[in-house]
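First the structure, in the form of C-alpha cells, and then the observations on it.
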Amino acid sequence: MGEPFIDRYQDNGRILDETWQARPNIYESRLRLLHRALTTKEPGKILSIGIGSGIFETLLSERYGITVAEAVEPSASLGAEAKAKGINVVQSTAQEYDYAGAPYDTIVYNGSSFGFIPDDEIEATFSRNREALADGGRLVLTDVPEESALGILLQFAQKYEINRNDLDDLLVGTTFFNLDTHAYKPNWHPITWYVALLERIGYHDLRFFQTVLSNPPYQKDTVEDPIEGYTKGNYVAIVAER
Ligand SMILES: C[S@@+](CC[C@H](N)C(=O)[O-])C[C@H]1O[C@@H](n2cnc3c(N)ncnc32)[C@H](O)[C@@H]1O
C-alpha cells in the first residue's frame with residue numbers, strides 16, 4: 001500500500017474551470033501543446049489519468065474530434081465536474097486503478113497530474129502504465145518543469161517563506177495568480193529526471209514539445225504554438241513510446 005491520497009481540491013472542484021476562464025490564452029497554448037503531443041501518431045484508445053474537471057478532454061473533442069475513452073480522477077469534487085461534462089470518469093488514483101480497459105494506445109497525464117504521485121510510487125506506476133499500453137502505444141506527460149521560470153517560482157514558494165507581494169507581482173500573469181485557492185503539485189523534478197526514469201523502465205524514442213516561452217508576468221498575454229524541445233518552455237510535453 002502506498003501513501004494515502006490527499007485531495008488538494010476538496011470542495012474546490014470549480015477552481016480549474018475558473019482559472020481557465022481567467023487565463024484563456026495560456027489554456028489555449030496548453031491545448032495546442034497537448035494536441036501536438038497526442039498526434040505524433042494516431043492517438044487511438046486514450047486513457048486520461050488525473051483528468052481534473054475535464055477541460056482539455058472537452059476541448060480536444062470539440063476542437064479536434066479526439067475523444068478520451070476512459071478517465072481516472074481521485075478527487076470527488078473534480079471528478080464530478082468532469083462527469084458533468086459527459087466524460088466517463090472512474091474515481092481512483094493512478095496507483096490503485098485496475099486499468100480495466102487495457103490495452104490503451106495512449107495514456108496521458110495532462111497538467112502535471114503525475115507530479116502528485118509520491119516519488120517512491122512513480123516508477124511502479126509508470127511501469128504498470130507500460131504494461132497497460134498496447135504494442136506501439138505511448139505515454140504522454142505534460143508538466144511545468146522544475147527548471148522553468150514558473151517552476152522555480154512555484155517550487156520556491158512551496159519550500160521557503162517568500163514575501164507574498166514579491167510572488168504575486170511575478171505570478172500575476174500565470175495560471176497560478178490565485179495561489180490562495182489553487183493547488184499545485186507537491187513533487188518537482190527536471191525533465192531530465194523523467195527522461196532517465198522512463199528510459200530505465202523501458203520506454204523509448206522520447207519526443208518533447210514546449211510552449212509558453214514567455215516569462216511569468218506576460219504568459220497570459222498571447223497564445224503560443226508549441227515547438228520541439230524542452231529547454232525553454234514553462235509547459236513541456238514528453239511523448240514516450242512503449
Ligand atoms: C493540476 S490538476 C490537472 C488536471 C487536468 N489534467 C488539467 O490539466 O486540467 C492535477 C490532477 O491530478 C489529480 N491527482 C492527484 N493525485 C493523483 C494520483 N495519485 N493519481 C491520479 N491523479 C491524481 C488531481 O486530483 C488533479 O485532478
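Chain identifiers are assigned as A, B, and so on, following the order in which chains appear in the C-alpha cells; residues are numbered from 1 within each chain, and ligands are numbered from 1 in order of appearance.
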Fill in: Polymer residues at most 6 Å from Thr174 of chain A, only C-alpha atoms, same-chain spacing of 3 or more positions, as a ChimeraX atom specification
/A:171,177,216,219
Discussion item. Using only C-alpha atoms and all ligand atoms, which residues of the polymer chains come no farther than 6 Å from ligand 1? I'd like the answer as a count of residues only.
Written reply: 16
Could you pull out the alpha helix (DSSP H) residues of segment 27-170 of chain A, going by DSSP on the backbone, and write them as an mmCIF file with C-alpha atoms, in the first residue's frame?
```cif
data_model
loop_
_atom_site.group_PDB
_atom_site.id
_atom_site.type_symbol
_atom_site.label_atom_id
_atom_site.label_comp_id
_atom_site.auth_asym_id
_atom_site.auth_seq_id
_atom_site.Cartn_x
_atom_site.Cartn_y
_atom_site.Cartn_z
ATOM 1 C CA TYR A 27 -5.111 27.265 -21.646
ATOM 2 C CA GLU A 28 -5.206 27.657 -25.443
ATOM 3 C CA SER A 29 -1.400 27.306 -25.654
ATOM 4 C CA ARG A 30 -1.603 24.253 -23.385
ATOM 5 C CA LEU A 31 -4.369 22.748 -25.543
ATOM 6 C CA ARG A 32 -2.198 23.140 -28.664
ATOM 7 C CA LEU A 33 0.736 21.561 -26.816
ATOM 8 C CA LEU A 34 -1.378 18.592 -25.716
ATOM 9 C CA HIS A 35 -2.811 18.166 -29.215
ATOM 10 C CA ARG A 36 0.679 18.238 -30.766
ATOM 11 C CA ALA A 37 1.895 15.580 -28.332
ATOM 12 C CA LEU A 38 -1.154 13.347 -28.733
ATOM 13 C CA ILE A 55 -11.396 20.893 -19.528
ATOM 14 C CA PHE A 56 -8.777 19.707 -22.010
ATOM 15 C CA GLU A 57 -10.604 16.490 -22.897
ATOM 16 C CA THR A 58 -13.730 18.541 -23.684
ATOM 17 C CA LEU A 59 -11.739 20.958 -25.842
ATOM 18 C CA LEU A 60 -9.927 18.095 -27.617
ATOM 19 C CA SER A 61 -13.273 16.612 -28.556
ATOM 20 C CA GLU A 62 -14.873 19.896 -29.640
ATOM 21 C CA ARG A 63 -11.852 21.260 -31.495
ATOM 22 C CA TYR A 64 -10.170 18.193 -32.929
ATOM 23 C CA ALA A 76 -14.527 13.584 -5.906
ATOM 24 C CA SER A 77 -15.133 17.291 -6.454
ATOM 25 C CA LEU A 78 -13.071 17.485 -9.669
ATOM 26 C CA GLY A 79 -14.405 14.138 -10.919
ATOM 27 C CA ALA A 80 -17.961 15.439 -10.516
ATOM 28 C CA GLU A 81 -17.102 18.416 -12.767
ATOM 29 C CA ALA A 82 -15.649 16.087 -15.429
ATOM 30 C CA LYS A 83 -18.699 13.802 -15.249
ATOM 31 C CA ALA A 84 -20.945 16.842 -15.680
ATOM 32 C CA ASP A 119 8.311 9.830 -5.666
ATOM 33 C CA ASP A 120 8.608 6.324 -4.268
ATOM 34 C CA GLU A 121 5.467 5.228 -6.160
ATOM 35 C CA ILE A 122 6.064 6.834 -9.560
ATOM 36 C CA GLU A 123 8.335 4.182 -11.083
ATOM 37 C CA ALA A 124 5.933 1.341 -10.248
ATOM 38 C CA THR A 125 3.026 3.407 -11.597
ATOM 39 C CA PHE A 126 4.696 4.237 -14.916
ATOM 40 C CA SER A 127 5.723 0.544 -15.186
ATOM 41 C CA ARG A 128 2.101 -0.546 -14.745
ATOM 42 C CA ASN A 129 1.095 2.055 -17.326
ATOM 43 C CA ARG A 130 3.581 0.498 -19.750
ATOM 44 C CA GLU A 131 2.022 -2.934 -19.183
ATOM 45 C CA ALA A 132 -1.421 -1.430 -19.854
ATOM 46 C CA ALA A 149 10.798 30.157 -14.636
ATOM 47 C CA LEU A 150 7.281 29.250 -13.486
ATOM 48 C CA GLY A 151 8.504 26.010 -11.922
ATOM 49 C CA ILE A 152 11.251 27.773 -9.991
ATOM 50 C CA LEU A 153 8.796 30.338 -8.598
ATOM 51 C CA LEU A 154 6.200 27.794 -7.511
ATOM 52 C CA GLN A 155 8.681 25.377 -6.049
ATOM 53 C CA PHE A 156 10.433 28.077 -4.047
ATOM 54 C CA ALA A 157 7.083 29.444 -2.862
ATOM 55 C CA GLN A 158 6.310 25.964 -1.580
ATOM 56 C CA LYS A 159 9.662 25.380 0.123
ATOM 57 C CA ARG A 164 3.625 37.276 -0.937
ATOM 58 C CA ASN A 165 3.800 40.687 -2.622
ATOM 59 C CA ASP A 166 7.012 39.705 -4.384
ATOM 60 C CA LEU A 167 5.450 36.449 -5.518
ATOM 61 C CA ASP A 168 2.163 37.982 -6.610
ATOM 62 C CA ASP A 169 3.950 40.536 -8.785
ATOM 63 C CA LEU A 170 5.584 37.690 -10.695
#
```
What's around Tyr235 of chain A at 8 Å? Count only C-alpha atoms, leave out sequence neighbours fewer than 2 positions away in its own chain, and write the answer as a compact mmCIF listing (two decimals) with N, CA and C atoms, in the first residue's frame.
```txt
# COMPACT_ATOMS: atom_id res chain seq x y z
N ARG A 30 -1.73 25.61 -23.95
CA ARG A 30 -1.60 24.25 -23.38
C ARG A 30 -2.41 23.24 -24.19
N THR A 142 2.37 15.93 -19.60
CA THR A 142 2.63 17.37 -19.73
C THR A 142 2.84 17.95 -18.34
N ASP A 143 3.77 18.91 -18.27
CA ASP A 143 4.26 19.35 -16.96
C ASP A 143 4.71 20.81 -17.01
N VAL A 144 4.73 21.44 -15.84
CA VAL A 144 5.52 22.65 -15.64
C VAL A 144 6.86 22.17 -15.10
N PRO A 145 7.93 22.24 -15.90
CA PRO A 145 9.20 21.68 -15.43
C PRO A 145 9.75 22.44 -14.23
N GLN A 210 7.25 22.03 -26.38
CA GLN A 210 7.19 23.03 -25.32
C GLN A 210 6.39 24.24 -25.79
N THR A 211 5.82 24.94 -24.81
CA THR A 211 5.07 26.15 -25.12
C THR A 211 5.14 27.10 -23.93
N VAL A 212 4.48 28.26 -24.09
CA VAL A 212 4.52 29.33 -23.10
C VAL A 212 5.99 29.61 -22.74
N GLY A 233 10.46 25.97 -22.43
CA GLY A 233 9.03 26.13 -22.16
C GLY A 233 8.69 26.11 -20.68
N ALA A 237 5.71 18.92 -22.97
CA ALA A 237 5.11 17.59 -23.16
C ALA A 237 6.21 16.59 -23.47
```
Could you write out, as a short mmCIF file (atom, residue, chain, number, x, y, z; two decimals) with N, CA and C atoms, in the first residue's frame, all the residues of segment 5-216 of chain A that DSSP marks as strand (DSSP E or B)?
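File written: out.cif
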```
data_model
loop_
_atom_site.label_atom_id
_atom_site.label_comp_id
_atom_site.auth_asym_id
_atom_site.auth_seq_id
_atom_site.Cartn_x
_atom_site.Cartn_y
_atom_site.Cartn_z
N ILE A 46 -7.68 6.23 -25.76
CA ILE A 46 -6.97 7.10 -24.81
C ILE A 46 -7.52 6.91 -23.39
N LEU A 47 -6.58 6.77 -22.45
CA LEU A 47 -6.90 6.84 -21.01
C LEU A 47 -6.27 8.12 -20.47
N SER A 48 -7.06 8.98 -19.84
CA SER A 48 -6.54 10.20 -19.22
C SER A 48 -6.52 10.02 -17.70
N ILE A 49 -5.34 10.18 -17.12
CA ILE A 49 -5.18 9.97 -15.67
C ILE A 49 -5.03 11.31 -14.96
N GLU A 70 -11.61 6.68 -21.55
CA GLU A 70 -11.69 6.38 -20.12
C GLU A 70 -10.89 7.44 -19.36
N ALA A 71 -11.32 7.74 -18.16
CA ALA A 71 -10.58 8.72 -17.36
C ALA A 71 -10.57 8.30 -15.90
N VAL A 72 -9.50 8.69 -15.22
CA VAL A 72 -9.31 8.39 -13.81
C VAL A 72 -9.12 9.71 -13.07
N VAL A 89 -15.67 8.85 -16.08
CA VAL A 89 -14.61 9.01 -15.07
C VAL A 89 -14.75 7.96 -13.97
N VAL A 90 -13.65 7.30 -13.64
CA VAL A 90 -13.60 6.38 -12.51
C VAL A 90 -12.86 7.09 -11.38
N TYR A 104 -4.46 0.17 -23.92
CA TYR A 104 -4.70 1.52 -24.42
C TYR A 104 -3.62 1.86 -25.45
N ASP A 105 -3.97 2.71 -26.41
CA ASP A 105 -2.96 3.21 -27.36
C ASP A 105 -2.23 4.41 -26.78
N THR A 106 -2.93 5.17 -25.94
CA THR A 106 -2.33 6.36 -25.35
C THR A 106 -2.77 6.47 -23.89
N ILE A 107 -1.81 6.64 -23.00
CA ILE A 107 -2.12 7.01 -21.62
C ILE A 107 -1.55 8.40 -21.41
N VAL A 108 -2.42 9.34 -20.99
CA VAL A 108 -1.97 10.73 -20.85
C VAL A 108 -2.18 11.22 -19.43
N TYR A 109 -1.15 11.88 -18.92
CA TYR A 109 -1.24 12.63 -17.67
C TYR A 109 -1.06 14.08 -18.08
N LEU A 133 -0.32 -0.51 -21.84
CA LEU A 133 -0.30 0.04 -23.19
C LEU A 133 -0.23 -1.07 -24.23
N ALA A 134 -0.87 -0.84 -25.37
CA ALA A 134 -0.77 -1.77 -26.50
C ALA A 134 0.62 -1.65 -27.13
N ASP A 135 1.01 -2.64 -27.92
CA ASP A 135 2.24 -2.52 -28.71
C ASP A 135 2.17 -1.24 -29.52
N GLY A 136 3.23 -0.45 -29.50
CA GLY A 136 3.23 0.81 -30.25
C GLY A 136 2.52 1.93 -29.51
N GLY A 137 2.04 1.64 -28.30
CA GLY A 137 1.33 2.65 -27.52
C GLY A 137 2.28 3.69 -26.95
N ARG A 138 1.72 4.79 -26.44
CA ARG A 138 2.55 5.89 -25.95
C ARG A 138 2.05 6.42 -24.61
N LEU A 139 3.02 6.84 -23.80
CA LEU A 139 2.72 7.58 -22.57
C LEU A 139 2.97 9.05 -22.88
N VAL A 140 2.01 9.90 -22.56
CA VAL A 140 2.15 11.34 -22.80
C VAL A 140 2.04 12.07 -21.47
N LEU A 141 3.06 12.86 -21.15
CA LEU A 141 3.08 13.62 -19.89
C LEU A 141 3.18 15.09 -20.23
N THR A 142 2.37 15.93 -19.60
CA THR A 142 2.63 17.37 -19.73
C THR A 142 2.84 17.95 -18.34
N ASP A 143 3.77 18.91 -18.27
CA ASP A 143 4.26 19.35 -16.96
C ASP A 143 4.71 20.81 -17.01
N HIS A 204 10.93 4.28 -24.80
CA HIS A 204 11.99 4.67 -25.73
C HIS A 204 11.48 5.70 -26.75
N ASP A 205 12.39 6.17 -27.58
CA ASP A 205 12.06 7.16 -28.63
C ASP A 205 11.28 8.35 -28.07
N LEU A 206 11.81 8.94 -27.02
CA LEU A 206 11.14 10.07 -26.39
C LEU A 206 11.17 11.30 -27.31
N ARG A 207 10.05 12.01 -27.33
CA ARG A 207 9.98 13.29 -28.06
C ARG A 207 9.48 14.35 -27.10
N PHE A 208 9.80 15.60 -27.40
CA PHE A 208 9.49 16.70 -26.49
C PHE A 208 8.92 17.90 -27.26
N PHE A 209 7.92 18.52 -26.66
CA PHE A 209 7.35 19.75 -27.21
C PHE A 209 7.20 20.74 -26.06
N GLN A 210 7.25 22.03 -26.38
CA GLN A 210 7.19 23.03 -25.32
C GLN A 210 6.39 24.24 -25.79
N THR A 211 5.82 24.94 -24.81
CA THR A 211 5.07 26.15 -25.12
C THR A 211 5.14 27.10 -23.93
#
```
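Distance annotation: of A:Asn163, A:Asn88, A:Thr181, A:Ser214, the residue with the minimal separation from Arg8 of chain A is A:Thr181; atom set is only C-alpha atoms.
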Worksheet, complete the sentence: Nearest to Ala183 of chain A, restricted to only C-alpha atoms and choosing among A:Asp7, A:Glu241, A:Glu224, A:Glu18, comes out as A:Asp7
Item to complete: Could you tell me which of A:Phe5, A:Asn187, A:Leu179, A:Leu213 comes closest to Asp225 of chain A if we count only C-alpha atoms?
Response: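 Among the listed residues, A:Leu213 lies closest to Asp225 of chain A.
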Worksheet entry | Nearest candidate to Asn25 of chain A (options A:Leu197, A:Val68, A:Val223, A:Val172; using only C-alpha atoms) |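 For Asn25 of chain A, the nearest of the candidates is A:Val223.
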Worksheet, complete the sentence: In terms of only C-alpha atoms, the residue from A:His182, A:Pro226, A:Arg242, A:Asn12 at minimal distance from Glu199 of chain A is A:Arg242
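Atom CA of Ile238 of chain A is found 18.3 Å from atom CA of Lys45 of chain A.
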Discussion item. I'd like the interatomic distance between atom CA of Pro103 of chain A and atom CA of Gly86 of chain A, to a tenth of an Å.
Written reply: 22.6 Å
Practice prompt. Record the distance separating atom CA of Asp17 of chain A and atom CA of Asp180 of chain A, expressed in Å with one decimal.
Written response: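 That distance, rounded to one decimal, is 15.8 Å.
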